[in-house]
>>> print(open('my_file-v2.txt').read())   # compact mmCIF, C-alpha atoms and all ligand atoms
# COMPACT_ATOMS: atom_id res chain seq x y z
CA MET F 8 38.79 -8.60 2.63
CA SER F 9 39.37 -6.31 5.57
CA THR F 10 39.65 -7.81 9.05
CA ALA F 11 36.37 -6.12 10.01
CA VAL F 12 34.51 -8.02 7.27
CA ILE F 13 36.17 -11.32 8.24
CA ASP F 14 35.33 -10.72 11.92
CA GLU F 15 31.69 -10.01 11.11
CA LYS F 16 31.50 -13.18 9.00
CA ALA F 17 33.04 -15.33 11.74
CA LYS F 18 30.71 -13.73 14.26
CA HIS F 19 27.74 -14.50 12.02
CA GLU F 20 28.71 -18.16 11.82
CA GLN F 21 29.18 -18.51 15.55
CA MET F 22 25.94 -16.66 16.21
CA MET F 23 23.96 -18.81 13.78
CA ALA F 24 25.38 -22.00 15.33
CA LYS F 25 24.15 -20.84 18.73
CA ILE F 26 20.73 -19.87 17.36
CA LYS F 27 20.34 -23.23 15.63
CA SER F 28 21.27 -25.12 18.80
CA GLY F 29 18.49 -23.27 20.63
CA GLU F 30 20.91 -21.43 22.93
CA LYS F 31 20.04 -17.82 23.80
CA LEU F 32 22.25 -14.90 22.78
CA GLU F 33 23.07 -12.74 25.78
CA SER F 34 25.65 -10.08 24.93
CA LEU F 35 26.21 -7.42 22.29
CA ASP F 36 29.60 -9.00 21.51
CA GLU F 37 28.01 -12.14 20.10
CA ILE F 38 25.52 -10.54 17.70
CA THR F 39 26.09 -9.12 14.22
CA GLU F 40 24.99 -5.65 13.09
CA ASP F 41 22.31 -7.22 10.92
CA TYR F 42 20.88 -9.27 13.79
CA LYS F 43 20.92 -6.16 15.98
CA ASP F 44 19.07 -4.05 13.36
CA ASN F 45 16.34 -6.68 13.01
CA LEU F 46 16.04 -7.21 16.75
CA LEU F 47 15.73 -3.46 17.37
CA LYS F 48 13.04 -3.10 14.70
CA LEU F 49 10.82 -5.60 16.54
CA MET F 50 11.56 -4.40 20.05
CA ILE F 51 10.97 -0.74 19.13
CA ALA F 52 7.59 -1.61 17.59
CA GLN F 53 6.57 -3.50 20.71
CA ALA F 54 7.80 -0.78 23.10
CA ASP F 55 5.64 1.85 21.42
CA SER F 56 2.60 -0.45 21.23
CA GLU F 57 2.75 -1.04 24.99
CA LEU F 58 2.67 2.70 25.74
CA ALA F 59 0.11 3.47 23.02
CA GLY F 60 -2.11 0.68 24.39
CA ALA F 61 -1.88 2.17 27.89
CA TYR F 62 -2.82 5.67 26.68
CA GLY F 63 -5.87 4.34 24.81
CA TYR F 64 -7.17 2.74 28.01
CA VAL F 65 -6.57 5.77 30.28
CA PRO F 66 -9.92 7.58 29.61
CA TRP F 67 -11.72 4.33 30.46
CA ILE F 68 -10.65 4.52 34.08
CA GLU F 69 -13.05 7.46 34.33
CA ASN F 70 -15.63 6.14 31.84
CA ALA F 71 -15.91 2.52 33.04
CA PRO F 72 -19.44 1.66 34.20
CA THR F 73 -18.66 0.44 37.73
CA ILE F 74 -16.10 1.15 40.43
CA ALA F 75 -14.76 -2.42 40.08
CA GLU F 76 -14.28 -1.77 36.37
CA LYS F 77 -12.47 1.51 37.02
CA LEU F 78 -9.99 -0.48 39.07
CA ALA F 79 -9.75 -3.20 36.39
CA MET F 80 -8.96 -0.52 33.77
CA ALA F 81 -6.43 1.18 36.05
CA ASN F 82 -4.71 -2.20 36.52
CA ILE F 83 -4.55 -2.81 32.77
CA VAL F 84 -3.09 0.70 32.27
CA LYS F 85 -0.51 -0.03 34.99
CA ASP F 86 0.43 -3.35 33.32
CA GLU F 87 0.83 -1.72 29.89
CA VAL F 88 2.99 1.14 31.20
CA ARG F 89 5.14 -1.41 33.03
CA HIS F 90 5.45 -3.43 29.80
CA GLY F 91 6.52 -0.21 28.05
CA LYS F 92 9.08 0.52 30.77
CA ALA F 93 10.52 -3.00 30.55
CA MET F 94 10.82 -2.72 26.76
CA TYR F 95 12.50 0.72 26.79
CA GLU F 96 14.93 -0.52 29.45
CA LEU F 97 15.91 -3.38 27.13
CA LEU F 98 16.46 -0.83 24.35
CA GLU F 99 18.52 1.43 26.59
CA ARG F 100 21.14 -1.34 26.89
CA PHE F 101 21.93 -0.73 23.20
CA GLY F 102 22.95 2.84 23.99
CA ILE F 103 19.75 4.24 22.50
CA ASP F 104 18.43 7.62 23.67
CA ILE F 105 15.04 6.26 24.66
CA TYR F 106 13.38 9.62 25.28
CA LYS F 107 14.18 10.69 21.74
CA LEU F 108 12.90 7.31 20.58
CA ILE F 109 9.63 7.62 22.53
CA ASP F 110 8.91 10.90 20.70
CA GLU F 111 9.91 9.51 17.30
CA ASP F 112 7.88 6.32 17.76
CA LYS F 113 4.76 8.34 18.46
CA MET F 114 5.21 10.27 15.22
CA LYS F 115 6.58 7.62 12.86
CA ASN F 116 6.22 4.08 14.10
CA ARG F 117 2.88 3.87 15.88
CA MET F 118 0.48 1.28 14.50
CA LYS F 119 -2.58 2.78 12.82
CA VAL F 120 -4.99 0.88 15.04
CA PHE F 121 -3.94 3.01 18.04
CA PHE F 122 -5.20 6.17 16.30
CA GLU F 123 -8.75 4.81 16.03
CA PRO F 124 -11.19 6.33 18.51
CA ILE F 125 -12.59 4.18 21.33
CA LYS F 126 -16.00 5.81 21.71
CA THR F 127 -18.10 3.50 23.88
CA TRP F 128 -17.70 0.81 26.52
CA ALA F 129 -18.68 -1.77 23.87
CA ASP F 130 -15.87 -0.39 21.67
CA LEU F 131 -13.44 -0.60 24.54
CA VAL F 132 -14.18 -4.20 25.47
CA MET F 133 -14.16 -5.32 21.83
CA PHE F 134 -10.78 -3.63 21.26
CA ASN F 135 -9.57 -5.28 24.48
CA PHE F 136 -10.88 -8.69 23.32
CA LEU F 137 -9.35 -8.51 19.82
CA MET F 138 -6.19 -6.48 20.28
CA ASP F 139 -4.85 -7.93 23.53
CA ARG F 140 -5.41 -11.39 22.05
CA ALA F 141 -3.47 -10.36 18.93
CA ALA F 142 -0.67 -9.09 21.19
CA GLY F 143 -0.75 -12.31 23.25
CA HIS F 144 -0.20 -14.43 20.14
CA GLN F 145 2.53 -12.20 18.72
CA LEU F 146 4.32 -12.07 22.05
CA GLN F 147 4.33 -15.85 22.28
CA ASP F 148 6.89 -15.75 19.46
CA ALA F 149 8.95 -13.12 21.26
CA ALA F 150 8.95 -15.20 24.46
CA GLU F 151 10.71 -17.98 22.50
CA CYS F 152 13.12 -15.66 20.66
CA SER F 153 16.89 -16.03 20.47
CA TRP F 154 17.70 -12.75 22.31
CA GLY F 155 17.82 -13.91 25.95
CA PRO F 156 16.95 -10.61 27.70
CA TRP F 157 13.86 -10.02 25.50
CA SER F 158 12.74 -13.63 25.77
CA ARG F 159 12.82 -13.57 29.60
CA THR F 160 11.00 -10.23 29.79
CA MET F 161 8.31 -11.52 27.46
CA ILE F 162 7.50 -14.60 29.51
CA GLN F 163 6.01 -12.37 32.26
CA ILE F 164 4.44 -9.82 29.88
CA GLU F 165 2.71 -12.53 27.88
CA LYS F 166 1.05 -13.94 31.02
CA GLU F 167 -0.40 -10.52 31.77
CA GLU F 168 -1.69 -10.08 28.23
CA TRP F 169 -3.74 -13.26 28.68
CA MET F 170 -5.30 -11.77 31.81
CA HIS F 171 -6.29 -8.70 29.76
CA VAL F 172 -7.76 -11.01 27.14
CA LYS F 173 -9.91 -12.67 29.83
CA HIS F 174 -11.28 -9.25 30.82
CA GLY F 175 -12.29 -8.48 27.23
CA GLU F 176 -13.77 -11.94 26.83
CA THR F 177 -15.98 -11.70 29.94
CA TRP F 178 -17.37 -8.34 28.83
CA VAL F 179 -17.92 -9.11 25.15
CA LYS F 180 -19.83 -12.24 26.15
CA LYS F 181 -21.90 -10.31 28.68
CA LEU F 182 -22.83 -7.53 26.22
CA ALA F 183 -23.53 -10.00 23.40
CA GLU F 184 -25.89 -12.05 25.53
CA ASP F 185 -27.88 -9.00 26.66
CA LYS F 186 -30.60 -8.05 24.14
CA GLU F 187 -30.18 -4.37 25.00
CA THR F 188 -26.47 -4.25 24.12
CA LYS F 189 -26.13 -6.97 21.46
CA ALA F 190 -26.50 -4.61 18.45
CA GLU F 191 -23.96 -2.20 19.91
CA VAL F 192 -21.35 -4.89 20.49
CA GLN F 193 -22.00 -6.27 16.97
CA ARG F 194 -21.27 -2.78 15.57
CA ALA F 195 -18.08 -2.59 17.62
CA LEU F 196 -17.05 -5.97 16.21
CA GLU F 197 -17.57 -4.80 12.63
CA PHE F 198 -15.52 -1.68 13.31
CA TRP F 199 -12.54 -3.32 15.02
CA PHE F 200 -12.24 -6.74 13.39
CA PRO F 201 -10.76 -5.65 10.03
CA LYS F 202 -8.47 -3.15 11.74
CA VAL F 203 -7.00 -5.61 14.23
CA ASN F 204 -6.74 -8.20 11.44
CA LYS F 205 -4.16 -5.89 9.83
CA VAL F 206 -1.83 -5.57 12.81
CA PHE F 207 -0.09 -8.86 11.99
CA GLY F 208 1.53 -7.36 8.91
CA LYS F 209 2.07 -8.75 5.44
CA PRO F 210 2.93 -12.43 5.02
CA HIS F 211 5.87 -14.02 3.17
CA THR F 212 8.00 -10.86 3.14
CA ASP F 213 11.80 -10.93 3.08
CA SER F 214 11.96 -9.33 6.51
CA ASN F 215 9.66 -12.02 7.90
CA GLN F 216 12.05 -14.63 6.54
CA ILE F 217 15.02 -12.92 8.18
CA PHE F 218 13.19 -12.66 11.53
CA GLN F 219 12.60 -16.41 11.38
CA THR F 220 16.19 -17.21 10.37
CA TYR F 221 17.39 -15.33 13.46
CA LYS F 222 14.59 -16.89 15.56
CA LEU F 223 13.33 -13.43 16.45
CA LYS F 224 9.96 -14.67 15.20
CA GLN F 225 9.01 -18.34 15.18
CA ARG F 226 6.21 -18.15 12.60
CA ASP F 227 5.31 -16.11 9.54
CA ASN F 228 2.80 -13.27 10.11
CA HIS F 229 -0.03 -15.07 8.37
CA VAL F 230 0.31 -18.14 10.60
CA VAL F 231 -0.07 -16.01 13.74
CA ARG F 232 -2.98 -14.13 12.18
CA GLU F 233 -4.76 -17.36 11.29
CA VAL F 234 -4.47 -18.67 14.86
CA TRP F 235 -5.94 -15.38 16.13
CA TYR F 236 -8.67 -15.38 13.47
CA LYS F 237 -9.82 -18.93 14.16
CA GLU F 238 -9.85 -18.43 17.91
CA THR F 239 -11.72 -15.10 17.90
CA LYS F 240 -14.23 -16.26 15.27
CA GLU F 241 -15.16 -19.38 17.24
CA LEU F 242 -15.61 -17.45 20.48
CA LEU F 243 -17.57 -14.56 18.95
CA GLU F 244 -19.90 -16.94 17.11
CA SER F 245 -20.48 -18.87 20.32
CA TYR F 246 -21.79 -15.60 21.83
CA GLY F 247 -24.21 -15.26 18.88
CA LEU F 248 -22.24 -12.53 17.06
CA LYS F 249 -21.57 -12.44 13.31
CA VAL F 250 -17.91 -12.24 12.35
CA PRO F 251 -17.27 -10.19 9.19
CA GLY F 252 -15.74 -12.09 6.26
CA ILE F 253 -12.19 -11.01 5.93
CA ASP F 254 -9.86 -10.52 2.97
CA VAL F 255 -6.83 -12.67 3.39
CA ILE F 256 -3.80 -10.38 3.06
CA GLU F 257 -1.52 -12.14 0.58
FE FE J 1 1.17 -5.14 27.07
FE FE J 2 -2.55 -5.81 27.19
>>> encode(input="my_file-v2.txt", output="structure tokens", more="lines below")
Ligand SMILES: [Fe+2]
Ligand SMILES: [Fe+2]
Amino acid sequence: MSTAVIDEKAKHEQMMAKIKSGEKLESLDEITEDYKDNLLKLMIAQADSELAGAYGYVPWIENAPTIAEKLAMANIVKDEVRHGKAMYELLERFGIDIYKLIDEDKMKNRMKVFFEPIKTWADLVMFNFLMDRAAGHQLQDAAECSWGPWSRTMIQIEKEEWMHVKHGETWVKKLAEDKETKAEVQRALEFWFPKVNKVFGKPHTDSNQIFQTYKLKQRDNHVVREVWYKETKELLESYGLKVPGIDVIE
């Protein structure tokens, strides 16, 4: 065996011992190429989702129904762009050309849900209710991850996602309880629910297993999806809305 292979093996053992003890990894010297590849995959996906989320909300600064809501939307856009900036700065530390990456992400890596049109205020608040909550749950795993810099960044970002969730929740409840807007918000629910249900990804895959071994994720995709599903279903039904039956992705 070459010394490079032996070094990588020794590094892997040291790295795994640290991960298992719950200690955070802090420098590029202590991580293997495989850990780095898996970490980057997850961070790149999140970085693009933050920016894509911001862009989707931008037209709703102008289209929001009240001046207070225009400000609320502008604040959410500001949060999401700041989340994007924080994520790309983490990626830059790996020597990545982030401007090239931003262009590539848009073309190749963007989640399908961000290409769906947000046509009405009911659509917007339902997307906000479902998607920011999905992000909040996924980011909980990232906040506990073994890569120290990402974990610390996520603790703040996750708090802000829960504030976005509250905004969606207040509005969905309000529109559902108003006879004039109930049918519209029900239609928005039927449109978005199956689409957001897919953002968690396939369960029990090899890559999911690897993410968990490296403590880059704490739970399998389906576990996170089930937490989201149960929580959203209970809330939506309490507002008198009907949640579509969903195919479990196995
Ligand atoms: Fe965000
Ligand atoms: Fe958000």
>>> atom_distance(input="my_file-v2.txt", atom1="CA of Ala81 (chain F)", atom2="CA of Tyr64 (chain F)")
8.2 Å
>>> residues_near_ligand(input="my_file-v2.txt", ligand="ligand FE 1 (chain J)", cutoff="7 Å", atoms="all atoms listed in the file", output="compact mmCIF listing (two decimals) with C-alpha atoms, in the frame of the given file")
# COMPACT_ATOMS: atom_id res chain seq x y z
CA GLU F 57 2.75 -1.04 24.99
CA ASP F 86 0.43 -3.35 33.32
CA GLU F 87 0.83 -1.72 29.89
CA HIS F 90 5.45 -3.43 29.80
CA ILE F 164 4.44 -9.82 29.88
CA GLU F 168 -1.69 -10.08 28.23
>>> closest_atom_pairs(input="my_file-v2.txt", of="region 195-248 of chain F", to="region 103-126 of chain F", cutoff="9 Å", atoms="only C-alpha atoms", output="tab-separated table")
residue	atom	partner	partner_atom	distance
F:Trp199	CA	F:Val120	CA	8.6
F:Lys202	CA	F:Val120	CA	6.3
F:Val203	CA	F:Val120	CA	6.8
F:Lys205	CA	F:Val120	CA	8.6
F:Val206	CA	F:Met118	CA	7.4
>>> closest_residue(input="my_file-v2.txt", among="F:Leu97, F:Ile217, F:Ala195, F:Ala59", to="Thr160 (chain F)", atoms="only C-alpha atoms")
F:Leu97
>>> residues_near_ligand(input="my_file-v2.txt", ligand="ligand FE 2 (chain J)", cutoff="9 Å", atoms="all atoms listed in the file", output="ChimeraX atom specification")
/F:57,60-61,83-84,86-87,90,135,138-140,142-143,164-165,167-172
>>> atom_distance(input="my_file-v2.txt", atom1="CA of Gln216 (chain F)", atom2="CA of Gln53 (chain F)")
18.8 Å
>>> closest_residue(input="my_file-v2.txt", among="F:Thr127, F:Gln225, F:Gln21, F:Thr39", to="Glu191 (chain F)", atoms="only C-alpha atoms")
F:Thr127
>>> closest_residue(input="my_file-v2.txt", among="F:Arg194, F:Ala54, F:Ser158, F:Leu137", to="Lys240 (chain F)", atoms="only C-alpha atoms")
F:Leu137
>>> closest_residue(input="my_file-v2.txt", among="F:Gly208, F:Val65, F:Thr220, F:Ala183", to="Leu248 (chain F)", atoms="only C-alpha atoms")
F:Ala183
>>> residues_around(input="my_file-v2.txt", residues="Pro201 (chain F)", least_positions_apart="5", cutoff="9 Å", atoms="only C-alpha atoms", output="number ranges by chain")
F: 196, 251-254
>>> closest_residue(input="my_file-v2.txt", among="F:Lys224, F:Lys43, F:Lys31, F:His229", to="Ala149 (chain F)", atoms="all atoms listed in the file")
F:Lys224
>>> closest_residue(input="my_file-v2.txt", among="F:Asn215, F:Ser153, F:Gln163, F:Thr239", to="Lys25 (chain F)", atoms="only C-alpha atoms")
F:Ser153
>>> atom_distance(input="my_file-v2.txt", atom1="CA of Trp128 (chain F)", atom2="CA of Asn70 (chain F)")
7.8 Å
>>> residues_around(input="my_file-v2.txt", residues="Ile68 (chain F)", least_positions_apart="6", cutoff="10 Å", atoms="only C-alpha atoms", output="short mmCIF file (atom, residue, chain, number, x, y, z; two decimals) with C-alpha atoms, in the coordinates of the input")
data_model
loop_
_atom_site.label_atom_id
_atom_site.label_comp_id
_atom_site.auth_asym_id
_atom_site.auth_seq_id
_atom_site.Cartn_x
_atom_site.Cartn_y
_atom_site.Cartn_z
CA ILE F 74 -16.10 1.15 40.43
CA GLU F 76 -14.28 -1.77 36.37
CA LYS F 77 -12.47 1.51 37.02
CA LEU F 78 -9.99 -0.48 39.07
CA ALA F 79 -9.75 -3.20 36.39
CA MET F 80 -8.96 -0.52 33.77
CA ALA F 81 -6.43 1.18 36.05
CA ASN F 82 -4.71 -2.20 36.52
CA ILE F 83 -4.55 -2.81 32.77
CA VAL F 84 -3.09 0.70 32.27
#
>>> residues_around(input="my_file-v2.txt", residues="Arg232 (chain F)", least_positions_apart="6", cutoff="8 Å", atoms="only C-alpha atoms", output="PyMOL selection string")
chain F and resi 141+204+207
>>> axis_aligned_box(input="my_file-v2.txt", around="region 137-150 of chain F", padding_each_side="4 Å", output="JSON")
{"center_x": -0.2, "center_y": -11.2, "center_z": 21.6, "size_x": 26.3, "size_y": 17.4, "size_z": 13.7}
>>> residues_around(input="my_file-v2.txt", residues="Glu40 (chain F)", least_positions_apart="3", cutoff="12 Å", atoms="only C-alpha atoms", output="ChimeraX atom specification")
/F:11-12,14-16,18-19,22,35-37,43-47,101
>>> residues_around(input="my_file-v2.txt", residues="Lys186 (chain F)", least_positions_apart="6", cutoff="12 Å", atoms="all atoms listed in the file", output="tab-separated table (two decimals) with C-alpha atoms, keeping the file's coordinate frame")
chain	number	residue	atom	x	y	z
F	180	LYS	CA	-19.83	-12.24	26.15
F	192	VAL	CA	-21.35	-4.89	20.49
F	193	GLN	CA	-22.00	-6.27	16.97
F	246	TYR	CA	-21.79	-15.60	21.83
F	247	GLY	CA	-24.21	-15.26	18.88
F	248	LEU	CA	-22.24	-12.53	17.06
>>> decode(input="my_file-v2.txt", residues="region 27-129 of chain F", atoms="C-alpha atoms", output="compact mmCIF listing (two decimals), in the first residue's frame")
# COMPACT_ATOMS: atom_id res chain seq x y z
CA LYS F 27 -18.34 8.89 17.57
CA SER F 28 -17.25 10.80 20.67
CA GLY F 29 -19.51 13.67 19.60
CA GLU F 30 -16.59 16.07 19.06
CA LYS F 31 -16.87 18.47 16.11
CA LEU F 32 -14.46 18.37 13.17
CA GLU F 33 -12.98 21.79 12.54
CA SER F 34 -10.21 21.67 9.94
CA LEU F 35 -9.66 20.29 6.45
CA ASP F 36 -6.63 18.36 7.76
CA GLU F 37 -8.78 16.09 9.90
CA ILE F 38 -11.33 15.02 7.29
CA THR F 39 -11.04 12.37 4.57
CA GLU F 40 -11.82 12.97 0.89
CA ASP F 41 -14.95 10.84 1.22
CA TYR F 42 -16.24 12.83 4.20
CA LYS F 43 -15.52 16.05 2.32
CA ASP F 44 -17.40 14.88 -0.81
CA ASN F 45 -20.47 13.97 1.25
CA LEU F 46 -20.35 17.16 3.28
CA LEU F 47 -20.09 19.30 0.14
CA LYS F 48 -23.03 17.51 -1.49
CA LEU F 49 -25.30 18.52 1.41
CA MET F 50 -23.96 22.04 1.85
CA ILE F 51 -24.19 22.80 -1.88
CA ALA F 52 -27.82 21.64 -1.96
CA GLN F 53 -28.66 23.86 1.00
CA ALA F 54 -26.79 26.89 -0.36
CA ASP F 55 -28.80 26.82 -3.59
CA SER F 56 -32.11 26.24 -1.78
CA GLU F 57 -31.54 29.35 0.35
CA LEU F 58 -31.04 31.56 -2.72
CA ALA F 59 -33.81 29.88 -4.73
CA GLY F 60 -36.17 30.35 -1.76
CA ALA F 61 -35.31 34.05 -1.62
CA TYR F 62 -35.93 34.56 -5.36
CA GLY F 63 -39.34 32.87 -5.13
CA TYR F 64 -40.41 35.31 -2.42
CA VAL F 65 -39.14 38.47 -4.16
CA PRO F 66 -42.28 39.19 -6.28
CA TRP F 67 -44.36 38.94 -3.10
CA ILE F 68 -42.82 42.08 -1.68
CA GLU F 69 -44.76 43.91 -4.39
CA ASN F 70 -47.79 41.59 -4.40
CA ALA F 71 -48.37 41.24 -0.64
CA PRO F 72 -51.81 42.53 0.40
CA THR F 73 -50.74 45.07 3.04
CA ILE F 74 -47.78 47.34 3.71
CA ALA F 75 -46.97 45.34 6.88
CA GLU F 76 -46.90 42.19 4.74
CA LYS F 77 -44.61 43.80 2.17
CA LEU F 78 -42.15 44.41 4.99
CA ALA F 79 -42.63 40.85 6.33
CA MET F 80 -41.85 39.46 2.85
CA ALA F 81 -38.84 41.76 2.44
CA ASN F 82 -37.52 40.50 5.80
CA ILE F 83 -37.94 36.87 4.78
CA VAL F 84 -36.11 37.60 1.49
CA LYS F 85 -33.31 39.29 3.45
CA ASP F 86 -33.04 36.28 5.81
CA GLU F 87 -32.88 33.80 2.91
CA VAL F 88 -30.21 35.77 1.02
CA ARG F 89 -28.20 36.00 4.23
CA HIS F 90 -28.57 32.22 4.72
CA GLY F 91 -27.33 31.78 1.13
CA LYS F 92 -24.36 34.08 1.78
CA ALA F 93 -23.43 32.20 4.96
CA MET F 94 -23.60 28.86 3.12
CA TYR F 95 -21.50 30.00 0.13
CA GLU F 96 -18.92 31.46 2.53
CA LEU F 97 -18.63 28.05 4.19
CA LEU F 98 -18.12 26.50 0.76
CA GLU F 99 -15.51 29.08 -0.22
CA ARG F 100 -13.26 27.77 2.58
CA PHE F 101 -12.88 24.57 0.52
CA GLY F 102 -11.32 26.55 -2.31
CA ILE F 103 -14.48 26.34 -4.41
CA ASP F 104 -15.18 28.98 -7.06
CA ILE F 105 -18.56 29.91 -5.61
CA TYR F 106 -19.68 32.12 -8.50
CA LYS F 107 -19.21 29.24 -10.91
CA LEU F 108 -21.06 27.04 -8.42
CA ILE F 109 -23.98 29.48 -8.09
CA ASP F 110 -24.50 29.30 -11.87
CA GLU F 111 -24.14 25.51 -11.99
CA ASP F 112 -26.49 24.98 -9.04
CA LYS F 113 -29.21 26.96 -10.76
CA MET F 114 -28.93 24.76 -13.85
CA LYS F 115 -28.24 21.33 -12.36
CA ASN F 116 -28.89 21.07 -8.67
CA ARG F 117 -31.97 23.16 -7.93
CA MET F 118 -34.84 21.27 -6.32
CA LYS F 119 -37.87 20.91 -8.58
CA VAL F 120 -40.20 22.54 -6.07
CA PHE F 121 -38.51 25.91 -6.67
CA PHE F 122 -39.56 25.87 -10.34
CA GLU F 123 -43.26 25.67 -9.45
CA PRO F 124 -45.14 28.94 -9.93
CA ILE F 125 -46.43 30.84 -6.88
CA LYS F 126 -49.51 32.42 -8.41
CA THR F 127 -51.60 33.80 -5.54
CA TRP F 128 -51.21 35.00 -1.96
CA ALA F 129 -52.84 31.74 -0.81
